[in-house]
Every structure is written in structure tokens, then in C-alpha cells.
Amino acid sequence: MTDVSSEIGFVRNKRLGKAVYQNRALSKAGLSERLFALLFSGLVYPQIWEDPEIDMEAMQLSEGHRIVTIASGGCNALAYLTRSPARIDAVDLNTAHVALNRMKLAAVRHLPAQADLFRFFGGNGHAHNPAAYDRFIAPHLDRVTRAYWERRNWRGQRRIAVFEKNFYQTGLLGFFIATGHRVAKLYGIDPARIMEARTLRDQRRFFEEYLAPLFDRRLLRWATARKASLFGLGIPPAQYDSLITSGDGTMANVLSVRLEKLACHFPLRDNYFAWQAFARRYPQPGEARLPAYLEPESYDTIRRNAGRVTVHHANFTELLAGKGAASVDRYILLDAQDWMTDDQLNAVWTEITRTAAPSARVIFRTAAEPSLLPGRVSPALLDQWTYEEEQSLDLSARDRSAIYGGFHLYVKKA
């Protein structure tokens with residue numbers, strides 16, 4: 001379960017609140033927003049759920065580029081290092097994500113070998129991982145990050161001990177996936193059995209025969225009609241409202257469509273997102289493809305470039321406000337704009353437009369299919385950008401994470 005406890009600090013809640021709160025505290029919507037902010041203050045994403053291959057293709061990422069990205073679980077920022085950009089600024093409001101990103105970077109740089117890195121972040125946990133942390137990683141961490149990983153729970157265990165087991169079954173996302181498996185098993189369905197499929201036809205057969213009917217169950221339709229049911233996916237109330245517009249008016253239908261894409265559109269051997277959703281682990285080396293930072297052939301390049309990443313506890317707009325004009329080449333907003341009010345959208349796009357170098361590129365994802373910018377962001381800002389609609393649709397269709405309605409690419413006009 002996610003670590004929602006005494007570690008949640010006032011400053012962190014205040015920053016998250018600015019991003020999430022849109023209604024009065026004692027209103028029904030306001031209470032829902034505050035519950036989400038409380039849950040989001042702990043570890044949410046042990047793994048980021050955006051496809052870095054799609055990101056890098058859309059960005060035409062290459063050497064020398066200066067990048068600002070939301071950090072989340074950190075997998076994508078590490079993947080970008082395979083293209084040797086000049087600099088990556090990774091920002092996040094969640095202090096657990098900041099600590100995870102900083103620890104991953106130290107692990108890449110200081111664990112003795114690629115096999116040690118995989119054992120730590122790719123395997124199903126190992127009793128030696130905390131000792132490896134103490135010897136090779138901890139001495140290179142800042143005080144705040146080290147304090148996070150060495151904090152003890154009520155049983156006296158340090159937080160780093162989570163890597164003795166499968167780290168990806170922890171956090172709010174891990175809890176959500178585990179709950180989905182438990183619900184399916186109540187109806188006699190084991191989602192992990194899809195991993196026995198050998199072809200796309202086998203995958204579709206399993207989905208249509210076993211998984212799709214679950215979304216017609218009365219209990220599941222009732223539960224998913226509640227906004228809090230998707231907090232485990234990191235979906236706040238405002239994003240829930242956007243997400244539900246992309247289906248037939250029921251969240252059960254939306255989730256069924258998204259799961260169908262994950263289960264049926266990509267061979268399992270090529271999609272580590274499906275492995276996490278259905279097998280609840282990463283594949284072993286040679287079993288299927290892995291995240292780029294865990295692939296042996298990427299290790300030397302990522303390790304050599306790891307010093308080019310700086311992780312900031314800040315929001316996107318704050319970070320950009322401190323940068324000079326025309327100083328950034330690539331921006332990755334994940335799905336953060338789904339959370340934003342019109343004022344927040346205009347603030348971040350004011351800073352993006354000011355700091356954008358010639359031909360800069362911005363990518364983001366949305367819960368619903370269309371871009372959310374037209375009609376909400378000032379035309380004076382949007383007119384300085386070209387929306388690559390056809391390419392966005394193609395990239396969205398090929399995004400292996402499969403949970404978003406749309407992928408969007410904007411290019412700065414000359």
C-alpha cells in the first residue's frame with residue numbers, strides 16, 4: 001500500500017493543493033480533491049506509465065537538446081539519456097517521486113554493474129538490495145533523499161527494505177493493480193493467465209472471453225462510477241470528468257476500451273506495460289523487452305549521461321520561470337494539464353512559449369482524445385505553435401501504455 005502517513009509534510013500538501021484543489025474544502029467535490037491530494041502525497045508511480053519510445057520519436061530527440069519533463073517514476077527521463085541530450089530538468093511535486101528519481105540516478109552511476117542495477121529495479125526483489133543501497137548508493141545521496149529511504153515504519157523497517165520484494169507491487173499504482181486482480185479473481189478470472197498467450201490472436205481471445213465480461217458486472221460498474229475508484233491510477237477528480245467523456249458515459253466502458261488496447265494491440269514480448277498490468281512484474285532478460293534503462297545495451301550510455309539530469313521538487317511553471325528566453329528545446333508534460341484550471345494552463349504555456357528555442361517541441365497526453373488547449377489557452381499563445389494532428393493520432397495509436405485517450409505534439413513556429 002502507498003505510504004500515506006506522518007511523512008506527509010505541510011509544504012508538500014500545500015504545493016499539491018495548488019495543483020489539485022478547484023473547489024471549496026467542505027463541498028463534495030472539494031473533499032474528493034483533498035482525499036486525492038492526501039493519497040498522492042505518498043509513492044504513487046513506482047513505474048511511469050507513458051511510453052518513452054513514442055516520446056523520443058515525437059520529440060526527434062538527439063544530442064544537445066535541453067529538456068524539461070515531469071519526473072514521475074523516473075523511467076522515461078533515464079530512457080531519454082540514450083539519445084545523449086545536453087540537459088534534463090525533471091520536476092515533480094511529489095517528494096516520494098523526487099526521492100525515487102534521485103535514488104535511481106545514483107544507482108545508475110554507482111552500482112558496480114548492469115546486473116546489479118537490474119537486480120535492484122528490474123527483478124522481483126532481493127535480500128541484498130538494501131545492503132547494496134547502503135554501500136554503493138546512500139553515500140551519494142543528498143540528505144533529504146537519504147532520509148526518505150532510511151525512514152523507519154512502525155515495524156522498525158527502513159523504507160529501502162521495499163526493494164527486498166517486488167517494488168512494483170507497492171505504491172498507489174501497485175495497490176490499484178493488485179485490487180484489480182483481486183476483483184477479477186472474485187469472479188473466477190486470473191488476469192495473469194493472459195501471459196500464456198503466444199500470439200495477438202490468443203491475447204484477444206483471452207480478453208474477449210475472460211476480461212471484457214468483467215466490465216458488465218454490476219459491482220464493477222457501480223465501483224468505477226465513483227471518482228475515488230481511480231485515485232489509485234493517479235487520476236484526480238477533474239481528470240476523471242475528462243476521461244469519462246471519451247466513452248459511452250460510463251467509466252466501466254472507458255476502462256474496458258483502454259484495457260483492450262493494452263491486452264490486444266501489442267505483442268506481449270514487446271510491451272513491458274502489459275507485463276506490469278497482468279504479470280505484476282517485469283520480464284526477465286531475454287523473456288521480453290524491458291524499459292530502456294534496464295536493457296544491457298543501453299547501460300553504458302545511460303550511465304555516462306546520468307550526470308546530465310537534475311531532479312527538482314517544483315512544478316513545471318515554477319521551474320520555467322527561472323529559465324532564460326529560448327533556453328529549452330523539448331517539454332514533456334505527461335498528463336498534468338488534465339489537472340489544470342484555465343489560469344494554470346495559460347501560466348504554464350506563457351512560460352513554455354517564452355523559454356522555447358526555435359522549433360521547440362511540446363508533448364503531452366490527455367485522458368480524453370482531443371487536445372485540451374483550444375478554447376482554454378489564449379490564442380495569442382497557441383498561434384505561436386503548430387499542432388501536429390496527424391502525427392499525434394499515429395503516435396497515440398502506437399503508445400504501448402494504452403491508458404490515455406490522446407497523445408499530442410506541438411511544434412514552435414519559426
# chains A, B, ... in the order shown; residues from 1 in each chain; ligands from 1
>>> residues_around(residues="Gln344 (chain A)", least_positions_apart="4", cutoff="10 Å", atoms="only C-alpha atoms", output="number ranges by chain")
A: 18-19, 317, 337, 339-340, 348-350, 377
>>> residues_around(residues="Gly188 (chain A)", least_positions_apart="6", cutoff="12 Å", atoms="only C-alpha atoms", output="ChimeraX atom specification")
/A:181-182,210-211,213-214
>>> closest_atom_pairs(of="region 227-289 of chain A", to="region 357-368 of chain A", cutoff="10 Å", atoms="only C-alpha atoms", output="Markdown table")
| residue | atom | partner | partner_atom | distance |
| --- | --- | --- | --- | --- |
| A:Ile235 | CA | A:Ala367 | CA | 9.1 |
| A:Gln239 | CA | A:Ala367 | CA | 6.8 |
| A:Tyr240 | CA | A:Ala367 | CA | 8.0 |
| A:Asp241 | CA | A:Ala367 | CA | 9.2 |
| A:Ser242 | CA | A:Ala368 | CA | 5.7 |
| A:Leu243 | CA | A:Ala367 | CA | 4.7 |
| A:Ile244 | CA | A:Ala368 | CA | 7.6 |
| A:Thr245 | CA | A:Ala368 | CA | 6.6 |
| A:Ser246 | CA | A:Ala368 | CA | 5.3 |
| A:Gly247 | CA | A:Ala368 | CA | 8.9 |
| A:Val254 | CA | A:Ala368 | CA | 9.8 |
>>> residues_around(residues="His140 (chain A)", least_positions_apart="2", cutoff="10 Å", atoms="only C-alpha atoms", output="PyMOL selection string")
chain A and resi 102-103+105-107+109-110+135-138+142-143+145-146
>>> write_last_selection(atoms="N, CA, C and O atoms", output="PDB file, in the first residue's frame")
ATOM      1  N   ARG A 102      16.023  10.551  -7.704  1.00  0.00           N
ATOM      2  CA  ARG A 102      17.403  10.804  -7.266  1.00  0.00           C
ATOM      3  C   ARG A 102      18.107   9.506  -6.901  1.00  0.00           C
ATOM      4  O   ARG A 102      19.305   9.335  -7.176  1.00  0.00           O
ATOM      5  N   MET A 103      17.372   8.587  -6.298  1.00  0.00           N
ATOM      6  CA  MET A 103      17.979   7.309  -5.951  1.00  0.00           C
ATOM      7  C   MET A 103      18.285   6.484  -7.193  1.00  0.00           C
ATOM      8  O   MET A 103      19.337   5.840  -7.290  1.00  0.00           O
ATOM      9  N   LEU A 105      19.052   7.636 -10.171  1.00  0.00           N
ATOM     10  CA  LEU A 105      20.217   8.221 -10.821  1.00  0.00           C
ATOM     11  C   LEU A 105      21.500   7.819 -10.107  1.00  0.00           C
ATOM     12  O   LEU A 105      22.503   7.475 -10.749  1.00  0.00           O
ATOM     13  N   ALA A 106      21.475   7.835  -8.767  1.00  0.00           N
ATOM     14  CA  ALA A 106      22.653   7.417  -8.014  1.00  0.00           C
ATOM     15  C   ALA A 106      22.943   5.938  -8.233  1.00  0.00           C
ATOM     16  O   ALA A 106      24.109   5.525  -8.318  1.00  0.00           O
ATOM     17  N   ALA A 107      21.912   5.128  -8.349  1.00  0.00           N
ATOM     18  CA  ALA A 107      22.100   3.696  -8.588  1.00  0.00           C
ATOM     19  C   ALA A 107      22.728   3.449  -9.955  1.00  0.00           C
ATOM     20  O   ALA A 107      23.635   2.615 -10.102  1.00  0.00           O
ATOM     21  N   ARG A 109      24.659   5.393 -11.589  1.00  0.00           N
ATOM     22  CA  ARG A 109      26.029   5.888 -11.604  1.00  0.00           C
ATOM     23  C   ARG A 109      26.976   5.080 -10.713  1.00  0.00           C
ATOM     24  O   ARG A 109      28.172   4.991 -11.007  1.00  0.00           O
ATOM     25  N   HIS A 110      26.449   4.456  -9.632  1.00  0.00           N
ATOM     26  CA  HIS A 110      27.364   3.944  -8.611  1.00  0.00           C
ATOM     27  C   HIS A 110      27.225   2.453  -8.288  1.00  0.00           C
ATOM     28  O   HIS A 110      28.122   1.908  -7.632  1.00  0.00           O
ATOM     29  N   ARG A 135      25.914   0.474   0.715  1.00  0.00           N
ATOM     30  CA  ARG A 135      27.320   0.514   0.312  1.00  0.00           C
ATOM     31  C   ARG A 135      27.572   1.412  -0.889  1.00  0.00           C
ATOM     32  O   ARG A 135      28.557   2.180  -0.906  1.00  0.00           O
ATOM     33  N   PHE A 136      26.698   1.349  -1.891  1.00  0.00           N
ATOM     34  CA  PHE A 136      27.008   1.997  -3.156  1.00  0.00           C
ATOM     35  C   PHE A 136      26.177   3.244  -3.460  1.00  0.00           C
ATOM     36  O   PHE A 136      26.631   4.121  -4.199  1.00  0.00           O
ATOM     37  N   ILE A 137      24.954   3.320  -2.940  1.00  0.00           N
ATOM     38  CA  ILE A 137      24.046   4.390  -3.332  1.00  0.00           C
ATOM     39  C   ILE A 137      23.951   5.486  -2.276  1.00  0.00           C
ATOM     40  O   ILE A 137      24.113   6.672  -2.580  1.00  0.00           O
ATOM     41  N   ALA A 138      23.696   5.111  -1.026  1.00  0.00           N
ATOM     42  CA  ALA A 138      23.447   6.079   0.040  1.00  0.00           C
ATOM     43  C   ALA A 138      24.529   7.147   0.163  1.00  0.00           C
ATOM     44  O   ALA A 138      24.204   8.332   0.356  1.00  0.00           O
ATOM     45  N   ASP A 142      21.705  13.160  -1.463  1.00  0.00           N
ATOM     46  CA  ASP A 142      21.546  14.337  -0.617  1.00  0.00           C
ATOM     47  C   ASP A 142      20.833  13.940   0.682  1.00  0.00           C
ATOM     48  O   ASP A 142      20.223  12.867   0.783  1.00  0.00           O
ATOM     49  N   ARG A 143      20.907  14.798   1.652  1.00  0.00           N
ATOM     50  CA  ARG A 143      20.397  14.480   2.993  1.00  0.00           C
ATOM     51  C   ARG A 143      18.905  14.157   2.978  1.00  0.00           C
ATOM     52  O   ARG A 143      18.455  13.203   3.615  1.00  0.00           O
ATOM     53  N   THR A 145      16.940  13.078   0.469  1.00  0.00           N
ATOM     54  CA  THR A 145      16.645  11.822  -0.213  1.00  0.00           C
ATOM     55  C   THR A 145      17.057  10.631   0.644  1.00  0.00           C
ATOM     56  O   THR A 145      16.319   9.639   0.755  1.00  0.00           O
ATOM     57  N   ARG A 146      18.217  10.734   1.253  1.00  0.00           N
ATOM     58  CA  ARG A 146      18.665   9.639   2.110  1.00  0.00           C
ATOM     59  C   ARG A 146      17.723   9.459   3.300  1.00  0.00           C
ATOM     60  O   ARG A 146      17.385   8.321   3.668  1.00  0.00           O
TER      61      ARG A 146
END
>>> residues_around(residues="Pro52 (chain A)", least_positions_apart="2", cutoff="9 Å", atoms="only C-alpha atoms", output="PyMOL selection string")
chain A and resi 50+54-57+75-77+79-80+291-292+399
>>> select_by_dssp(residues="region 218-369 of chain A", states="strand (DSSP E)", output="ChimeraX atom specification")
/A:309-313,328-332,356-366
>>> residues_around(residues="Ala279 (chain A)", least_positions_apart="5", cutoff="12 Å", atoms="only C-alpha atoms", output="CSV table (one decimal) with all heavy atoms, in the first residue's frame")
chain,number,residue,atom,x,y,z
A,124,ASN,N,12.4,-9.2,-9.0
A,124,ASN,CA,11.3,-9.3,-8.1
A,124,ASN,C,11.7,-9.1,-6.7
A,124,ASN,O,11.0,-9.6,-5.8
A,124,ASN,CB,10.6,-10.7,-8.3
A,124,ASN,CG,10.0,-10.9,-9.6
A,124,ASN,OD1,9.5,-9.9,-10.2
A,124,ASN,ND2,10.1,-12.1,-10.2
A,166,ASN,N,9.1,-7.2,-4.5
A,166,ASN,CA,8.8,-6.6,-5.8
A,166,ASN,C,8.4,-5.2,-5.6
A,166,ASN,O,7.3,-4.9,-5.2
A,166,ASN,CB,7.8,-7.4,-6.5
A,166,ASN,CG,7.5,-6.9,-8.0
A,166,ASN,OD1,7.8,-5.8,-8.3
A,166,ASN,ND2,7.1,-7.9,-8.8
A,168,TYR,N,7.5,-3.0,-7.6
A,168,TYR,CA,6.4,-2.5,-8.5
A,168,TYR,C,5.0,-3.0,-8.0
A,168,TYR,O,4.0,-2.6,-8.6
A,168,TYR,CB,6.6,-2.9,-9.9
A,168,TYR,CG,8.0,-2.4,-10.4
A,168,TYR,CD1,9.1,-3.1,-10.4
A,168,TYR,CD2,8.1,-1.0,-10.7
A,168,TYR,CE1,10.3,-2.6,-10.8
A,168,TYR,CE2,9.3,-0.5,-11.1
A,168,TYR,CZ,10.4,-1.3,-11.1
A,168,TYR,OH,11.6,-0.7,-11.5
A,169,GLN,N,5.0,-3.7,-6.9
A,169,GLN,CA,3.7,-4.1,-6.3
A,169,GLN,C,3.4,-3.2,-5.1
A,169,GLN,O,2.5,-3.4,-4.4
A,169,GLN,CB,3.7,-5.5,-5.9
A,169,GLN,CG,3.8,-6.5,-7.1
A,169,GLN,CD,3.7,-8.0,-6.7
A,169,GLN,OE1,3.3,-8.3,-5.6
A,169,GLN,NE2,4.0,-8.8,-7.6
A,174,GLY,N,0.6,0.2,-7.6
A,174,GLY,CA,0.7,-1.2,-7.3
A,174,GLY,C,-0.5,-1.7,-6.5
A,174,GLY,O,-1.0,-2.8,-6.8
A,177,ILE,N,-3.5,-2.0,-9.1
A,177,ILE,CA,-3.4,-3.2,-9.9
A,177,ILE,C,-3.7,-4.4,-9.1
A,177,ILE,O,-4.4,-5.3,-9.6
A,177,ILE,CB,-2.0,-3.3,-10.6
A,177,ILE,CG1,-1.8,-2.1,-11.6
A,177,ILE,CG2,-1.8,-4.6,-11.3
A,177,ILE,CD1,-0.4,-2.0,-12.1
A,178,ALA,N,-3.2,-4.5,-7.9
A,178,ALA,CA,-3.5,-5.7,-7.0
A,178,ALA,C,-5.0,-5.8,-6.8
A,178,ALA,O,-5.5,-6.9,-6.8
A,178,ALA,CB,-2.7,-5.5,-5.7
A,181,HIS,N,-6.7,-7.3,-9.7
A,181,HIS,CA,-6.5,-8.7,-9.8
A,181,HIS,C,-7.5,-9.4,-8.8
A,181,HIS,O,-8.0,-10.5,-9.1
A,181,HIS,CB,-5.1,-9.1,-9.5
A,181,HIS,CG,-4.2,-8.9,-10.7
A,181,HIS,ND1,-3.6,-10.0,-11.3
A,181,HIS,CD2,-3.8,-7.9,-11.4
A,181,HIS,CE1,-2.9,-9.6,-12.3
A,181,HIS,NE2,-3.0,-8.3,-12.4
A,190,ASP,N,-8.3,-15.2,-13.5
A,190,ASP,CA,-6.9,-14.8,-13.2
A,190,ASP,C,-6.3,-14.0,-14.3
A,190,ASP,O,-6.0,-14.6,-15.4
A,190,ASP,CB,-6.1,-16.0,-12.9
A,190,ASP,CG,-4.6,-15.7,-12.5
A,190,ASP,OD1,-4.3,-14.5,-12.4
A,190,ASP,OD2,-3.9,-16.6,-12.3
A,191,PRO,N,-6.2,-12.7,-14.2
A,191,PRO,CA,-5.7,-11.9,-15.4
A,191,PRO,C,-4.3,-12.3,-15.8
A,191,PRO,O,-3.9,-12.2,-17.0
A,191,PRO,CB,-5.6,-10.5,-14.8
A,191,PRO,CG,-6.7,-10.4,-13.8
A,191,PRO,CD,-6.6,-11.8,-13.1
A,192,ALA,N,-3.5,-12.9,-14.9
A,192,ALA,CA,-2.1,-13.3,-15.2
A,192,ALA,C,-2.1,-14.4,-16.3
A,192,ALA,O,-1.1,-14.6,-16.9
A,192,ALA,CB,-1.4,-13.8,-14.0
A,193,ARG,N,-3.2,-15.1,-16.5
A,193,ARG,CA,-3.2,-16.2,-17.5
A,193,ARG,C,-3.1,-15.7,-18.9
A,193,ARG,O,-2.7,-16.5,-19.8
A,193,ARG,CB,-4.5,-17.0,-17.3
A,193,ARG,CG,-4.5,-17.9,-16.1
A,193,ARG,CD,-5.8,-18.8,-16.2
A,193,ARG,NE,-5.9,-19.5,-17.5
A,193,ARG,CZ,-7.0,-19.8,-18.1
A,193,ARG,NH1,-8.2,-19.4,-17.5
A,193,ARG,NH2,-7.1,-20.4,-19.2
A,194,ILE,N,-3.3,-14.4,-19.1
A,194,ILE,CA,-3.0,-13.9,-20.5
A,194,ILE,C,-1.6,-14.0,-20.9
A,194,ILE,O,-1.3,-14.1,-22.1
A,194,ILE,CB,-3.5,-12.4,-20.6
A,194,ILE,CG1,-3.6,-12.0,-22.1
A,194,ILE,CG2,-2.5,-11.5,-19.9
A,194,ILE,CD1,-4.2,-10.6,-22.3
A,195,MET,N,-0.7,-14.1,-19.9
A,195,MET,CA,0.7,-14.3,-20.2
A,195,MET,C,1.1,-15.6,-20.9
A,195,MET,O,2.1,-15.8,-21.4
A,195,MET,CB,1.6,-14.1,-19.0
A,195,MET,CG,1.3,-12.8,-18.2
A,195,MET,SD,1.4,-11.3,-19.2
A,195,MET,CE,3.1,-11.3,-19.7
A,196,GLU,N,0.1,-16.5,-20.9
A,196,GLU,CA,0.3,-17.8,-21.6
A,196,GLU,C,0.1,-17.7,-23.1
A,196,GLU,O,0.4,-18.6,-23.9
A,196,GLU,CB,-0.7,-18.8,-21.0
A,196,GLU,CG,-0.5,-19.1,-19.5
A,196,GLU,CD,-1.6,-20.0,-19.0
A,196,GLU,OE1,-2.4,-20.5,-19.8
A,196,GLU,OE2,-1.7,-20.1,-17.7
A,263,ALA,N,-4.2,-5.1,-23.8
A,263,ALA,CA,-4.2,-6.6,-23.9
A,263,ALA,C,-4.0,-7.1,-25.3
A,263,ALA,O,-3.5,-8.2,-25.5
A,263,ALA,CB,-5.4,-7.1,-23.2
A,268,LEU,N,2.9,-9.3,-26.4
A,268,LEU,CA,3.3,-9.3,-25.0
A,268,LEU,C,4.9,-9.2,-24.9
A,268,LEU,O,5.4,-8.5,-24.0
A,268,LEU,CB,2.9,-10.5,-24.2
A,268,LEU,CG,1.3,-10.6,-24.0
A,268,LEU,CD1,1.0,-11.9,-23.4
A,268,LEU,CD2,0.9,-9.4,-23.1
A,271,ASN,N,5.9,-5.4,-24.9
A,271,ASN,CA,5.2,-4.5,-24.1
A,271,ASN,C,5.3,-4.7,-22.6
A,271,ASN,O,4.6,-5.5,-22.0
A,271,ASN,CB,3.7,-4.4,-24.5
A,271,ASN,CG,3.0,-3.2,-23.9
A,271,ASN,OD1,3.6,-2.4,-23.2
A,271,ASN,ND2,1.7,-3.2,-24.1
A,272,TYR,N,6.3,-4.1,-22.0
A,272,TYR,CA,6.5,-4.3,-20.6
A,272,TYR,C,5.4,-3.6,-19.7
A,272,TYR,O,5.3,-4.0,-18.6
A,272,TYR,CB,7.9,-3.7,-20.1
A,272,TYR,CG,8.2,-2.3,-20.4
A,272,TYR,CD1,7.7,-1.3,-19.5
A,272,TYR,CD2,8.9,-1.9,-21.5
A,272,TYR,CE1,8.0,0.0,-19.7
A,272,TYR,CE2,9.2,-0.5,-21.7
A,272,TYR,CZ,8.7,0.4,-20.8
A,272,TYR,OH,9.0,1.8,-21.0
A,273,PHE,N,4.6,-2.7,-20.3
A,273,PHE,CA,3.5,-2.2,-19.6
A,273,PHE,C,2.4,-3.3,-19.3
A,273,PHE,O,1.8,-3.4,-18.2
A,273,PHE,CB,2.8,-1.0,-20.3
A,273,PHE,CG,3.7,0.2,-20.5
A,273,PHE,CD1,4.4,0.4,-21.7
A,273,PHE,CD2,3.9,1.1,-19.5
A,273,PHE,CE1,5.2,1.5,-21.9
A,273,PHE,CE2,4.7,2.2,-19.6
A,273,PHE,CZ,5.4,2.4,-20.8
A,274,ALA,N,2.2,-4.1,-20.3
A,274,ALA,CA,1.3,-5.3,-20.1
A,274,ALA,C,1.8,-6.2,-19.1
A,274,ALA,O,1.1,-6.8,-18.3
A,274,ALA,CB,1.1,-6.0,-21.5
A,284,GLN,N,12.0,-11.2,-17.3
A,284,GLN,CA,13.5,-11.4,-17.1
A,284,GLN,C,14.2,-11.2,-18.4
A,284,GLN,O,13.6,-11.2,-19.4
A,284,GLN,CB,13.7,-12.9,-16.6
A,284,GLN,CG,13.1,-13.1,-15.2
A,284,GLN,CD,13.8,-12.3,-14.1
A,284,GLN,OE1,15.0,-12.4,-13.9
A,284,GLN,NE2,13.0,-11.4,-13.4
>>> closest_residue(among="A:Val257, A:Cys264, A:Ala161, A:Ile48", to="Leu200 (chain A)", atoms="only C-alpha atoms")
A:Cys264
>>> residues_around(residues="region 381-394 of chain A", least_positions_apart="5", cutoff="9 Å", atoms="only C-alpha atoms", output="list in words")
Ala58, Asn346, Trp349, Thr350, Thr353, Leu373, Pro374, Asp399, Gly406, Phe407, His408, Leu409, Tyr410, Val411, Lys412, Lys413 and Ala414 of chain A
